[in-house]
$ cat protein_7.txt   # compact mmCIF, C-alpha atoms
# COMPACT_ATOMS: atom_id res chain seq x y z
CA MET A 1 123.05 64.33 85.00
CA PHE A 2 125.05 67.34 86.19
CA LYS A 3 128.26 65.27 86.48
CA LYS A 4 127.82 63.86 82.98
CA ARG A 5 127.31 67.35 81.57
CA GLN A 6 130.34 68.59 83.46
CA LYS A 7 132.50 65.78 82.02
CA LEU A 8 131.19 66.53 78.53
CA ILE A 9 132.06 70.23 78.90
CA ILE A 10 135.58 69.34 80.09
CA LEU A 11 136.01 66.92 77.19
CA VAL A 12 134.84 69.50 74.64
CA PHE A 13 137.16 72.07 76.20
CA LEU A 14 140.14 69.72 76.02
CA VAL A 15 139.39 68.90 72.38
CA LEU A 16 139.20 72.60 71.55
CA VAL A 17 142.49 73.25 73.36
CA PHE A 18 144.10 70.38 71.45
CA PHE A 19 142.98 71.75 68.08
CA VAL A 20 143.98 75.31 68.94
CA LEU A 21 147.41 74.18 70.10
CA SER A 22 147.95 71.81 67.20
CA TYR A 23 147.43 74.60 64.68
CA SER A 24 149.47 77.14 66.61
CA ASN A 25 152.93 78.00 65.35
CA THR A 26 154.66 76.79 68.51
CA THR A 27 156.86 73.84 69.33
CA ILE A 28 154.06 72.01 71.14
CA GLY A 29 151.68 72.88 68.32
CA ARG A 30 154.02 71.35 65.75
CA VAL A 31 154.49 68.26 67.95
CA LEU A 32 150.73 67.76 68.10
CA ARG A 33 150.27 68.50 64.40
CA TYR A 34 153.10 66.39 63.01
CA GLY A 35 153.27 63.59 65.57
CA PRO A 36 156.35 61.51 66.45
CA ALA A 37 159.34 61.74 64.08
CA ASN A 38 158.80 59.31 61.23
CA VAL A 39 159.94 58.66 57.65
CA ASN A 40 156.87 60.36 56.18
CA HIS A 41 157.67 63.74 57.71
CA TYR A 42 159.05 64.94 54.41
CA LYS A 43 155.36 65.27 53.48
CA ALA A 44 154.46 67.14 56.66
CA PHE A 45 157.15 69.79 57.05
CA PRO A 46 157.53 72.63 54.58
CA TYR A 47 160.70 72.36 52.52
CA ASN A 48 163.14 74.06 50.18
CA GLU A 49 163.71 72.25 46.90
CA PHE A 50 166.99 71.76 45.07
CA SER A 51 167.16 70.68 41.46
CA ASN A 52 169.31 68.19 39.63
CA GLU A 53 171.00 68.92 36.32
CA GLY A 54 172.25 66.85 33.42
CA PRO A 55 174.17 64.88 32.54
CA ILE A 56 172.64 62.43 35.02
CA PHE A 57 175.13 59.99 36.47
CA LYS A 58 174.12 56.33 36.58
CA PHE A 59 175.97 53.43 38.13
CA GLY A 60 176.74 50.36 36.08
CA GLU A 61 174.88 47.14 36.79
CA ASN A 62 176.32 43.72 37.55
CA ASN A 63 173.77 41.50 39.24
CA LEU A 64 175.54 39.54 41.97
CA GLU A 65 172.43 38.92 44.04
CA SER A 66 173.38 35.34 44.92
CA VAL A 67 176.84 36.46 46.08
CA VAL A 68 175.41 39.24 48.23
CA LYS A 69 172.85 36.92 49.79
CA SER A 70 175.35 34.17 50.53
CA ARG A 71 177.78 36.60 52.17
CA PHE A 72 175.06 38.13 54.32
CA ALA A 73 173.59 34.76 55.32
CA GLU A 74 176.03 34.05 58.14
CA VAL A 75 176.54 37.61 59.30
CA LYS A 76 175.60 37.91 62.97
CA TYR A 77 173.96 40.58 65.08
CA GLY A 78 174.23 39.63 68.71
CA ASP A 79 173.37 35.92 68.90
CA ASN A 80 171.33 36.03 65.68
CA GLU A 81 172.27 35.22 62.09
CA ILE A 82 170.76 37.08 59.16
CA GLY A 83 169.92 33.96 57.18
CA ASP A 84 167.71 34.74 54.18
CA LEU A 85 168.50 38.34 53.25
CA ASP A 86 165.13 39.23 51.74
CA GLU A 87 163.27 37.92 54.78
CA PHE A 88 165.65 39.74 57.10
CA LEU A 89 165.28 43.07 55.29
CA GLU A 90 161.50 42.75 55.13
CA LYS A 91 161.10 41.96 58.82
CA THR A 92 163.52 44.70 59.91
CA ASP A 93 161.33 47.41 58.34
CA THR A 94 163.81 48.07 55.54
CA THR A 95 162.50 50.12 52.61
CA SER A 96 165.54 50.26 50.32
CA PHE A 97 168.80 48.32 50.25
CA ILE A 98 171.48 49.01 47.65
CA VAL A 99 174.98 47.48 47.38
CA ILE A 100 177.46 49.05 44.95
CA TYR A 101 180.80 47.37 44.26
CA LYS A 102 183.43 48.89 41.98
CA ASP A 103 180.87 51.40 40.63
CA ASN A 104 178.35 48.68 39.75
CA ILE A 105 175.04 48.04 41.45
CA ILE A 106 175.26 44.40 42.49
CA PHE A 107 172.11 44.37 44.64
CA GLU A 108 169.16 46.77 44.66
CA ARG A 109 165.89 45.82 46.30
CA TYR A 110 162.93 47.67 47.82
CA TYR A 111 160.59 46.46 50.55
CA ASN A 112 157.48 47.31 52.55
CA GLY A 113 155.73 49.09 49.68
CA TYR A 114 158.68 51.23 48.55
CA THR A 115 160.11 51.45 45.02
CA ARG A 116 163.10 53.10 43.33
CA GLU A 117 160.99 56.23 42.83
CA SER A 118 159.98 56.48 46.51
CA THR A 119 161.24 59.47 48.48
CA VAL A 120 163.21 58.67 51.60
CA THR A 121 164.34 61.08 54.28
CA SER A 122 167.76 61.33 55.83
CA PHE A 123 167.28 62.14 59.49
CA SER A 124 170.84 62.61 60.82
CA VAL A 125 172.44 61.48 57.56
CA ALA A 126 171.92 65.18 56.80
CA LYS A 127 174.72 66.02 59.23
CA SER A 128 177.30 64.42 56.92
CA PHE A 129 176.06 66.63 54.07
CA VAL A 130 176.43 69.64 56.41
CA SER A 131 180.03 68.60 57.04
CA ALA A 132 180.68 68.50 53.28
CA LEU A 133 179.25 72.00 52.85
CA ILE A 134 181.48 73.35 55.62
CA GLY A 135 184.52 71.82 53.93
CA ILE A 136 183.55 73.40 50.62
CA ALA A 137 182.93 76.80 52.24
CA ILE A 138 186.39 76.69 53.83
CA ASP A 139 187.97 75.77 50.50
CA GLU A 140 186.20 78.66 48.79
CA GLY A 141 187.31 81.13 51.43
CA TYR A 142 183.88 81.89 52.86
CA ILE A 143 184.98 80.37 56.16
CA LYS A 144 188.55 81.17 57.10
CA SER A 145 189.44 78.13 59.14
CA LEU A 146 188.13 75.03 60.84
CA TYR A 147 189.56 76.52 64.02
CA ASP A 148 187.68 79.82 63.85
CA PRO A 149 185.67 80.64 66.98
CA ILE A 150 181.99 80.32 66.14
CA THR A 151 181.51 83.84 67.48
CA ASP A 152 183.39 85.17 64.43
CA TYR A 153 180.20 84.30 62.53
CA LEU A 154 177.64 84.39 65.35
CA PRO A 155 178.82 87.37 67.46
CA GLU A 156 175.55 87.65 69.38
CA LEU A 157 176.48 84.47 71.23
CA LYS A 158 179.48 86.20 72.80
CA GLU A 159 177.21 88.95 74.10
CA ARG A 160 175.14 86.34 75.91
CA ASP A 161 178.07 84.30 77.28
CA ILE A 162 181.72 85.12 76.58
CA ARG A 163 182.57 81.40 76.80
CA PHE A 164 180.96 80.84 73.39
CA SER A 165 184.10 82.42 71.91
CA GLU A 166 186.04 79.35 73.09
CA ILE A 167 183.98 77.03 70.89
CA LYS A 168 185.50 76.48 67.46
CA ILE A 169 183.86 75.21 64.28
CA ILE A 170 185.73 71.92 64.66
CA ASP A 171 184.14 71.43 68.07
CA LEU A 172 180.68 71.60 66.53
CA LEU A 173 181.68 69.07 63.86
CA HIS A 174 183.19 66.68 66.40
CA MET A 175 180.12 66.91 68.67
CA SER A 176 182.42 68.13 71.43
CA SER A 177 181.21 71.73 71.78
CA GLY A 178 180.50 71.43 75.49
CA LEU A 179 176.93 72.65 75.01
CA GLU A 180 174.32 71.30 77.36
CA TYR A 181 172.03 68.73 75.76
CA ASN A 182 169.35 66.68 77.44
CA GLU A 183 167.18 63.97 75.91
CA PRO A 184 164.35 63.92 75.14
CA PRO A 185 163.45 67.64 75.53
CA ASP A 186 166.28 68.97 73.36
CA ASP A 187 165.56 66.36 70.70
CA ILE A 188 162.01 67.72 70.57
CA TYR A 189 163.06 71.37 70.47
CA THR A 190 165.68 70.92 67.74
CA TYR A 191 163.27 68.88 65.61
CA TYR A 192 160.01 70.82 66.00
CA ALA A 193 160.80 74.40 67.04
CA PRO A 194 159.29 76.91 64.58
CA ASN A 195 162.36 79.17 64.78
CA LEU A 196 165.48 77.03 64.99
CA ARG A 197 167.84 79.99 64.61
CA LYS A 198 166.32 81.71 67.64
CA LEU A 199 166.32 78.46 69.59
CA ALA A 200 170.05 77.90 69.03
CA LEU A 201 171.08 81.51 69.54
CA GLU A 202 169.00 82.18 72.66
CA LYS A 203 168.40 78.89 74.46
CA THR A 204 171.73 77.03 74.31
CA LYS A 205 173.84 76.80 77.45
CA ILE A 206 177.46 75.88 77.99
CA GLU A 207 177.98 72.89 80.28
CA GLU A 208 181.71 72.24 79.98
CA SER A 209 184.82 73.26 78.06
CA PRO A 210 184.86 72.40 74.34
CA GLY A 211 186.88 69.49 72.98
CA GLU A 212 186.81 67.43 76.15
CA LYS A 213 183.91 65.05 75.61
CA PHE A 214 181.82 63.61 72.77
CA LEU A 215 178.13 64.37 73.24
CA TYR A 216 175.76 63.92 70.32
CA ASN A 217 174.03 67.27 70.19
CA ASN A 218 171.58 68.62 67.60
CA TYR A 219 172.34 72.25 68.43
CA ASN A 220 175.75 71.87 66.77
CA PRO A 221 174.43 71.47 63.19
CA LEU A 222 172.03 74.39 63.74
CA PHE A 223 175.00 76.65 64.45
CA LEU A 224 176.80 75.24 61.40
CA GLY A 225 173.79 76.00 59.22
CA MET A 226 173.77 79.63 60.33
CA ILE A 227 177.52 79.86 59.72
CA ILE A 228 176.97 78.59 56.16
CA GLU A 229 174.16 81.09 55.60
CA ARG A 230 176.06 84.08 56.90
CA SER A 231 179.40 83.28 55.29
CA THR A 232 178.11 82.30 51.82
CA ASN A 233 175.16 84.71 51.75
CA SER A 234 172.92 81.92 50.46
CA THR A 235 170.49 79.43 51.93
CA VAL A 236 171.83 76.00 52.78
CA SER A 237 169.55 74.50 50.11
CA GLU A 238 170.95 76.85 47.47
CA TYR A 239 174.47 75.93 48.49
CA ILE A 240 173.92 72.17 48.37
CA GLU A 241 172.23 72.48 44.98
CA GLU A 242 175.12 74.46 43.51
CA LYS A 243 178.01 72.56 45.10
CA ILE A 244 176.77 68.96 45.26
CA TRP A 245 173.38 68.16 43.73
CA LYS A 246 173.91 69.57 40.24
CA PRO A 247 177.61 68.81 39.68
CA VAL A 248 177.16 65.19 40.82
CA GLY A 249 174.35 64.64 38.35
CA MET A 250 171.80 63.37 40.85
CA GLU A 251 169.06 61.33 39.24
CA PHE A 252 166.20 63.16 40.97
CA ASP A 253 165.47 66.54 42.52
CA GLY A 254 165.74 66.75 46.29
CA SER A 255 164.51 68.90 49.15
CA TRP A 256 165.41 69.94 52.68
CA SER A 257 162.70 70.23 55.34
CA ILE A 258 162.59 73.65 57.00
CA ASP A 259 161.19 75.31 60.11
CA ALA A 260 158.55 78.04 59.99
CA ASN A 261 161.21 80.67 59.21
CA ASP A 262 162.75 79.22 56.04
CA PHE A 263 165.72 77.65 57.83
CA GLU A 264 166.75 74.12 56.96
CA LYS A 265 166.39 71.72 59.87
CA MET A 266 170.12 70.95 59.57
CA GLU A 267 170.14 67.98 61.94
CA SER A 268 167.81 66.09 59.60
CA GLY A 269 165.40 66.46 56.71
CA ILE A 270 167.22 65.92 53.40
CA ASN A 271 164.63 64.18 51.23
CA CYS A 272 165.48 62.35 48.02
CA LYS A 273 165.67 58.92 46.40
CA ALA A 274 167.88 56.19 47.85
CA ILE A 275 170.00 55.94 44.70
CA ASP A 276 171.04 59.59 45.08
CA PHE A 277 172.18 58.97 48.65
CA ALA A 278 174.43 56.31 47.11
CA LYS A 279 175.99 58.94 44.86
CA PHE A 280 176.93 61.01 47.87
CA GLY A 281 178.63 57.89 49.21
CA ARG A 282 180.50 57.56 45.91
CA LEU A 283 181.66 61.18 46.16
CA TYR A 284 183.25 60.39 49.53
CA LEU A 285 184.58 57.02 48.38
CA ARG A 286 186.48 58.96 45.70
CA LYS A 287 187.76 61.54 48.20
CA GLY A 288 185.54 64.34 46.94
CA ASN A 289 186.45 63.91 43.28
CA TRP A 290 183.59 63.46 40.83
CA ASN A 291 184.73 62.17 37.47
CA GLY A 292 187.75 64.45 37.39
CA LYS A 293 186.30 67.47 39.17
CA GLN A 294 187.22 68.06 42.82
CA LEU A 295 183.90 69.02 44.44
CA ILE A 296 185.07 68.59 48.04
CA PRO A 297 188.75 69.01 49.02
CA SER A 298 190.34 65.57 49.30
CA GLY A 299 192.02 66.55 52.56
CA TRP A 300 188.63 67.44 54.02
CA VAL A 301 187.17 64.07 53.05
CA VAL A 302 190.10 62.22 54.64
CA ALA A 303 189.95 64.32 57.81
CA SER A 304 186.20 63.85 58.01
CA THR A 305 186.25 60.09 57.81
CA ALA A 306 189.59 58.88 59.19
CA PRO A 307 189.73 57.40 62.72
CA TYR A 308 189.52 59.98 65.50
CA PHE A 309 190.66 58.75 68.90
CA PRO A 310 191.63 61.50 71.36
CA GLU A 311 194.16 60.59 74.04
CA ASP A 312 191.58 60.95 76.79
CA LYS A 313 190.04 57.49 77.12
CA ASN A 314 186.92 59.06 78.65
CA TYR A 315 186.24 61.20 75.56
CA TYR A 316 183.72 58.71 74.12
CA PRO A 317 180.86 57.28 76.21
CA ASP A 318 181.18 53.83 77.72
CA LYS A 319 179.29 51.97 74.99
CA THR A 320 179.94 48.75 73.09
CA PHE A 321 180.39 50.48 69.73
CA PHE A 322 183.30 52.60 70.96
CA LYS A 323 184.84 50.01 73.29
CA ASP A 324 184.59 46.73 71.38
CA TYR A 325 184.40 47.73 67.71
CA PHE A 326 186.97 50.57 67.49
CA GLY A 327 184.12 52.94 66.68
CA TYR A 328 184.64 56.69 66.37
CA TYR A 329 183.04 59.95 65.24
CA SER A 330 184.91 62.46 63.09
CA LEU A 331 183.53 65.72 61.64
CA MET A 332 179.97 64.35 61.45
CA TRP A 333 180.86 60.95 60.03
CA TRP A 334 180.83 57.71 62.00
CA GLY A 335 183.53 55.10 61.49
CA ILE A 336 184.86 51.66 62.43
CA GLN A 337 188.59 50.93 62.39
CA ARG A 338 189.94 47.47 61.61
CA GLU A 339 192.87 45.92 63.43
CA ASP A 340 195.03 46.56 60.34
CA THR A 341 194.18 50.31 60.76
CA SER A 342 192.04 50.42 57.60
CA TYR A 343 188.54 51.70 58.25
CA ASP A 344 184.98 52.03 56.99
CA PHE A 345 182.89 55.13 57.55
CA TYR A 346 179.21 55.98 57.31
CA ALA A 347 176.50 58.58 57.64
CA ALA A 348 173.72 57.49 59.99
CA GLY A 349 170.21 58.68 60.74
CA ASN A 350 167.33 57.84 63.06
CA HIS A 351 165.17 54.81 62.21
CA GLY A 352 168.13 53.19 60.46
CA GLN A 353 169.13 55.39 57.53
CA TYR A 354 172.69 54.66 56.39
CA ILE A 355 175.22 55.55 53.70
CA TYR A 356 178.02 53.08 54.40
CA VAL A 357 181.38 53.35 52.60
CA SER A 358 184.27 50.88 52.68
CA PRO A 359 187.23 52.48 50.84
CA GLU A 360 189.46 49.38 51.13
CA LYS A 361 186.73 47.25 49.56
CA ASN A 362 185.49 49.79 46.97
CA LEU A 363 182.01 49.27 48.40
CA ILE A 364 178.98 51.48 49.07
CA ILE A 365 175.84 50.32 50.89
CA VAL A 366 172.65 52.33 51.34
CA ARG A 367 169.98 51.20 53.76
CA ASN A 368 166.76 53.09 54.48
CA GLY A 369 163.97 51.95 56.73
CA ILE A 370 160.75 52.75 58.50
CA GLY A 371 162.60 51.76 61.67
CA TYR A 372 165.73 49.93 62.79
CA GLY A 373 163.87 46.65 62.99
CA LYS A 374 163.40 44.13 65.76
CA ASP A 375 166.54 43.35 67.80
CA MET A 376 168.65 45.75 65.70
CA ASP A 377 168.83 48.66 68.13
CA SER A 378 169.35 48.88 71.86
CA GLU A 379 170.49 51.52 74.30
CA ASN A 380 174.06 50.26 74.20
CA ILE A 381 174.52 49.37 70.52
CA ASN A 382 172.95 49.60 67.10
CA TRP A 383 173.69 46.47 65.09
CA TRP A 384 173.29 47.85 61.56
CA PRO A 385 176.84 49.26 61.22
CA ILE A 386 178.26 46.03 62.65
CA VAL A 387 176.25 43.96 60.16
CA LEU A 388 177.43 46.08 57.23
CA TYR A 389 181.01 46.00 58.54
CA GLN A 390 180.98 42.18 58.71
CA PHE A 391 179.59 42.00 55.19
CA ALA A 392 182.24 44.40 53.84
CA ASN A 393 184.99 42.33 55.46
CA GLN A 394 184.16 39.45 53.10
CA PHE A 395 185.31 41.46 50.06
CA PRO A 396 188.96 41.58 49.00
CA SER A 397 190.89 44.76 49.68
CA GLU A 398 191.72 46.90 46.66
$ encode --input "protein_7.txt" --output "structure tokens"
Amino acid sequence: MFKKRQKLIILVFLVLVFFVLSYSNTTIGRVLRYGPANVNHYKAFPYNEFSNEGPIFKFGENNLESVVKSRFAEVKYGDNEIGDLDEFLEKTDTTSFIVIYKDNIIFERYYNGYTRESTVTSFSVAKSFVSALIGIAIDEGYIKSLYDPITDYLPELKERDIRFSEIKIIDLLHMSSGLEYNEPPDDIYTYYAPNLRKLALEKTKIEESPGEKFLYNNYNPLFLGMIIERSTNSTVSEYIEEKIWKPVGMEFDGSWSIDANDFEKMESGINCKAIDFAKFGRLYLRKGNWNGKQLIPSGWVVASTAPYFPEDKNYYPDKTFFKDYFGYYSLMWWGIQREDTSYDFYAAGNHGQYIYVSPEKNLIIVRNGIGYGKDMDSENINWWPIVLYQFANQFPSE
């Protein structure tokens, strides 16, 4: 009897500790409260809203469903063929899939309970929006140069370690800052920490010299977010609303998930409808020009998306994407170069969120999902960009 009572007391104590921790404003508390990162976290995290504004832009429509399906049918991922597109998208946990060719929607379907009005979240697709905002801030003179030391805007870093003054804004954008980053703990901190500014300013450590090696690192966009705040004297959400959301004529309002101190998560958390992600792709397809108005400098768009291959062959990790598919990463956009030196580029986020743009083919593809889907992601390669690349290759060049 005594042992049973003792076990019950321990169990009750552990339950109480769990509830106390889960409602505490700490990293572990937020982990317990929100659970593993998932596509419904736009409902869980607090957020800052940004509004759209008329006139609303709408793509044309030209239903080429049979063409899209036939061209996808024989596309391969590993040893597998896609076959029936609807079945493939359903079984790979896809929620929205949109193909836009020459400014016309030629395929738009929703799966697994989602509709056109469903909110989807970006995860790391947000980083490509951050890159756009940095380019705009440089063009407007808020940021002097891509090559400014980050300590010009975050001087407290230099007080902690003088080597921070060697890191330039471009190093953050290239994911080559030299900052230490370990998975999974740093993934957890940069996603759940209640004070992301404090985390980045006080907890980051320098591991190596900047510019020498690509290392995907979620501290980099946190620094960029603070640089945007301090240079523009506005929140990141206010800046994206003014510079992108309203002038593009997004169809729906959007939001950006924030920490407990009103700071946008930066590495993730832009929440909107899939069709509005497609419009961001169109903005980059047209080199930052939106129906005659240059919203993002064309030079910035080209620099952000063009192939980036440093001379050091050890710059990128030894993975199939970089070695076998001419893959690269440039200013927070991913890309694949063809043998003829043309290239496609894309924004990518966890669980398989993509805005894929093929300039040579005048093509935009948006894919959102609950997850990557069976057999679509492994430690060495994610097959989604390769699938979309193969599909794009079947269109004539412009």
$ closest_atom_pairs --input "protein_7.txt" --of "region 242-318 of chain A" --to "region 92-100 of chain A" --cutoff "12 Å" --atoms "all atoms listed in the file" --output "CSV"
residue,atom,partner,partner_atom,distance
A:Lys273,CA,A:Ser96,CA,9.5
A:Ala274,CA,A:Ser96,CA,6.8
A:Ile275,CA,A:Ile98,CA,7.7
A:Asp276,CA,A:Ile98,CA,10.9
A:Phe277,CA,A:Ile98,CA,10.0
A:Ala278,CA,A:Ile98,CA,7.9
A:Lys279,CA,A:Ile100,CA,10.0
A:Gly281,CA,A:Ile100,CA,9.9
A:Arg282,CA,A:Ile100,CA,9.1
A:Leu285,CA,A:Ile100,CA,11.2
$ residues_around --input "protein_7.txt" --residues "region 72-83 of chain A" --least-positions-apart "6" --cutoff "12 Å" --atoms "all atoms listed in the file" --output "mmCIF file with C-alpha atoms, in the frame of the given file"
data_model
loop_
_atom_site.group_PDB
_atom_site.id
_atom_site.type_symbol
_atom_site.label_atom_id
_atom_site.label_comp_id
_atom_site.auth_asym_id
_atom_site.auth_seq_id
_atom_site.Cartn_x
_atom_site.Cartn_y
_atom_site.Cartn_z
ATOM 1 C CA GLU A 65 172.430 38.920 44.040
ATOM 2 C CA SER A 66 173.380 35.340 44.920
ATOM 3 C CA LEU A 89 165.280 43.070 55.290
ATOM 4 C CA GLU A 90 161.500 42.750 55.130
ATOM 5 C CA LYS A 91 161.100 41.960 58.820
ATOM 6 C CA THR A 92 163.520 44.700 59.910
ATOM 7 C CA VAL A 99 174.980 47.480 47.380
ATOM 8 C CA PHE A 107 172.110 44.370 44.640
ATOM 9 C CA THR A 320 179.940 48.750 73.090
ATOM 10 C CA GLY A 373 163.870 46.650 62.990
ATOM 11 C CA LYS A 374 163.400 44.130 65.760
ATOM 12 C CA ASP A 375 166.540 43.350 67.800
ATOM 13 C CA MET A 376 168.650 45.750 65.700
ATOM 14 C CA ASP A 377 168.830 48.660 68.130
ATOM 15 C CA SER A 378 169.350 48.880 71.860
ATOM 16 C CA ASN A 380 174.060 50.260 74.200
ATOM 17 C CA ILE A 381 174.520 49.370 70.520
ATOM 18 C CA ASN A 382 172.950 49.600 67.100
ATOM 19 C CA TRP A 383 173.690 46.470 65.090
ATOM 20 C CA TRP A 384 173.290 47.850 61.560
ATOM 21 C CA PRO A 385 176.840 49.260 61.220
ATOM 22 C CA ILE A 386 178.260 46.030 62.650
ATOM 23 C CA VAL A 387 176.250 43.960 60.160
ATOM 24 C CA LEU A 388 177.430 46.080 57.230
ATOM 25 C CA TYR A 389 181.010 46.000 58.540
ATOM 26 C CA GLN A 390 180.980 42.180 58.710
ATOM 27 C CA PHE A 391 179.590 42.000 55.190
ATOM 28 C CA ALA A 392 182.240 44.400 53.840
ATOM 29 C CA ASN A 393 184.990 42.330 55.460
ATOM 30 C CA GLN A 394 184.160 39.450 53.100
ATOM 31 C CA PHE A 395 185.310 41.460 50.060
#
$ closest_residue --input "protein_7.txt" --among "A:Pro396, A:Pro247, A:Pro297, A:Pro359" --to "Ile138 (chain A)" --atoms "all atoms listed in the file"
A:Pro297
$ atom_distance --input "protein_7.txt" --atom1 "CA of Gly299 (chain A)" --atom2 "CA of Leu331 (chain A)"
12.5 Å
$ residues_around --input "protein_7.txt" --residues "region 156-162 of chain A" --least-positions-apart "6" --cutoff "9 Å" --atoms "all atoms listed in the file" --output "JSON, numbers by chain"
{"A": [150, 201, 202, 205, 206]}
$ residues_around --input "protein_7.txt" --residues "Phe50 (chain A)" --least-positions-apart "2" --cutoff "10 Å" --atoms "all atoms listed in the file" --output "PyMOL selection string"
chain A and resi 47-48+52+237-242+245-246+252-256+272
$ residues_around --input "protein_7.txt" --residues "region 111-128 of chain A" --least-positions-apart "4" --cutoff "6 Å" --atoms "all atoms listed in the file" --output "ChimeraX atom specification"
/A:90,95,267-273,332-333,347-350
$ atom_distance --input "protein_7.txt" --atom1 "CA of Ser358 (chain A)" --atom2 "CA of Ser131 (chain A)"
18.7 Å
$ residues_around --input "protein_7.txt" --residues "Gly35 (chain A)" --least-positions-apart "3" --cutoff "12 Å" --atoms "only C-alpha atoms" --output "NGL selection string"
:A and (22 or 27-32 or 38-41 or 44-45 or 188 or 191-192)
$ residues_near_point --input "protein_7.txt" --point "(172.9, 67.2, 37.3)" --cutoff "8 Å" --atoms "all atoms listed in the file" --output "ChimeraX atom specification"
/A:51-57,245-251
$ build_atoms --input "protein_7.txt" --residues "region 320-334 of chain A" --atoms "N, CA and C atoms" --output "PDB file, in the coordinates of the input"
ATOM      1  N   THR A 320     179.340  49.870  73.817  1.00  0.00           N
ATOM      2  CA  THR A 320     179.940  48.750  73.090  1.00  0.00           C
ATOM      3  C   THR A 320     180.565  49.182  71.773  1.00  0.00           C
ATOM      4  N   PHE A 321     179.893  50.054  71.033  1.00  0.00           N
ATOM      5  CA  PHE A 321     180.390  50.480  69.730  1.00  0.00           C
ATOM      6  C   PHE A 321     181.783  51.076  69.827  1.00  0.00           C
ATOM      7  N   PHE A 322     181.997  51.939  70.801  1.00  0.00           N
ATOM      8  CA  PHE A 322     183.300  52.600  70.960  1.00  0.00           C
ATOM      9  C   PHE A 322     184.338  51.666  71.596  1.00  0.00           C
ATOM     10  N   LYS A 323     183.906  50.845  72.529  1.00  0.00           N
ATOM     11  CA  LYS A 323     184.840  50.010  73.290  1.00  0.00           C
ATOM     12  C   LYS A 323     185.270  48.765  72.526  1.00  0.00           C
ATOM     13  N   ASP A 324     184.321  48.055  71.934  1.00  0.00           N
ATOM     14  CA  ASP A 324     184.590  46.730  71.380  1.00  0.00           C
ATOM     15  C   ASP A 324     184.777  46.698  69.861  1.00  0.00           C
ATOM     16  N   TYR A 325     184.342  47.751  69.170  1.00  0.00           N
ATOM     17  CA  TYR A 325     184.400  47.730  67.710  1.00  0.00           C
ATOM     18  C   TYR A 325     185.275  48.839  67.120  1.00  0.00           C
ATOM     19  N   PHE A 326     186.096  49.481  67.955  1.00  0.00           N
ATOM     20  CA  PHE A 326     186.970  50.570  67.490  1.00  0.00           C
ATOM     21  C   PHE A 326     186.152  51.623  66.744  1.00  0.00           C
ATOM     22  N   GLY A 327     184.977  51.939  67.295  1.00  0.00           N
ATOM     23  CA  GLY A 327     184.120  52.940  66.680  1.00  0.00           C
ATOM     24  C   GLY A 327     184.561  54.351  67.025  1.00  0.00           C
ATOM     25  N   TYR A 328     184.253  55.288  66.143  1.00  0.00           N
ATOM     26  CA  TYR A 328     184.640  56.690  66.370  1.00  0.00           C
ATOM     27  C   TYR A 328     183.675  57.621  65.646  1.00  0.00           C
ATOM     28  N   TYR A 329     183.840  58.918  65.895  1.00  0.00           N
ATOM     29  CA  TYR A 329     183.040  59.950  65.240  1.00  0.00           C
ATOM     30  C   TYR A 329     183.963  61.088  64.860  1.00  0.00           C
ATOM     31  N   SER A 330     183.981  61.437  63.552  1.00  0.00           N
ATOM     32  CA  SER A 330     184.910  62.460  63.090  1.00  0.00           C
ATOM     33  C   SER A 330     184.210  63.417  62.122  1.00  0.00           C
ATOM     34  N   LEU A 331     184.084  64.672  62.508  1.00  0.00           N
ATOM     35  CA  LEU A 331     183.530  65.720  61.640  1.00  0.00           C
ATOM     36  C   LEU A 331     182.209  65.292  60.985  1.00  0.00           C
ATOM     37  N   MET A 332     181.335  64.735  61.822  1.00  0.00           N
ATOM     38  CA  MET A 332     179.970  64.350  61.450  1.00  0.00           C
ATOM     39  C   MET A 332     179.886  63.130  60.536  1.00  0.00           C
ATOM     40  N   TRP A 333     180.902  62.291  60.612  1.00  0.00           N
ATOM     41  CA  TRP A 333     180.860  60.950  60.030  1.00  0.00           C
ATOM     42  C   TRP A 333     181.210  59.941  61.106  1.00  0.00           C
ATOM     43  N   TRP A 334     180.498  58.821  61.116  1.00  0.00           N
ATOM     44  CA  TRP A 334     180.830  57.710  62.000  1.00  0.00           C
ATOM     45  C   TRP A 334     181.842  56.798  61.310  1.00  0.00           C
TER      46      TRP A 334
END
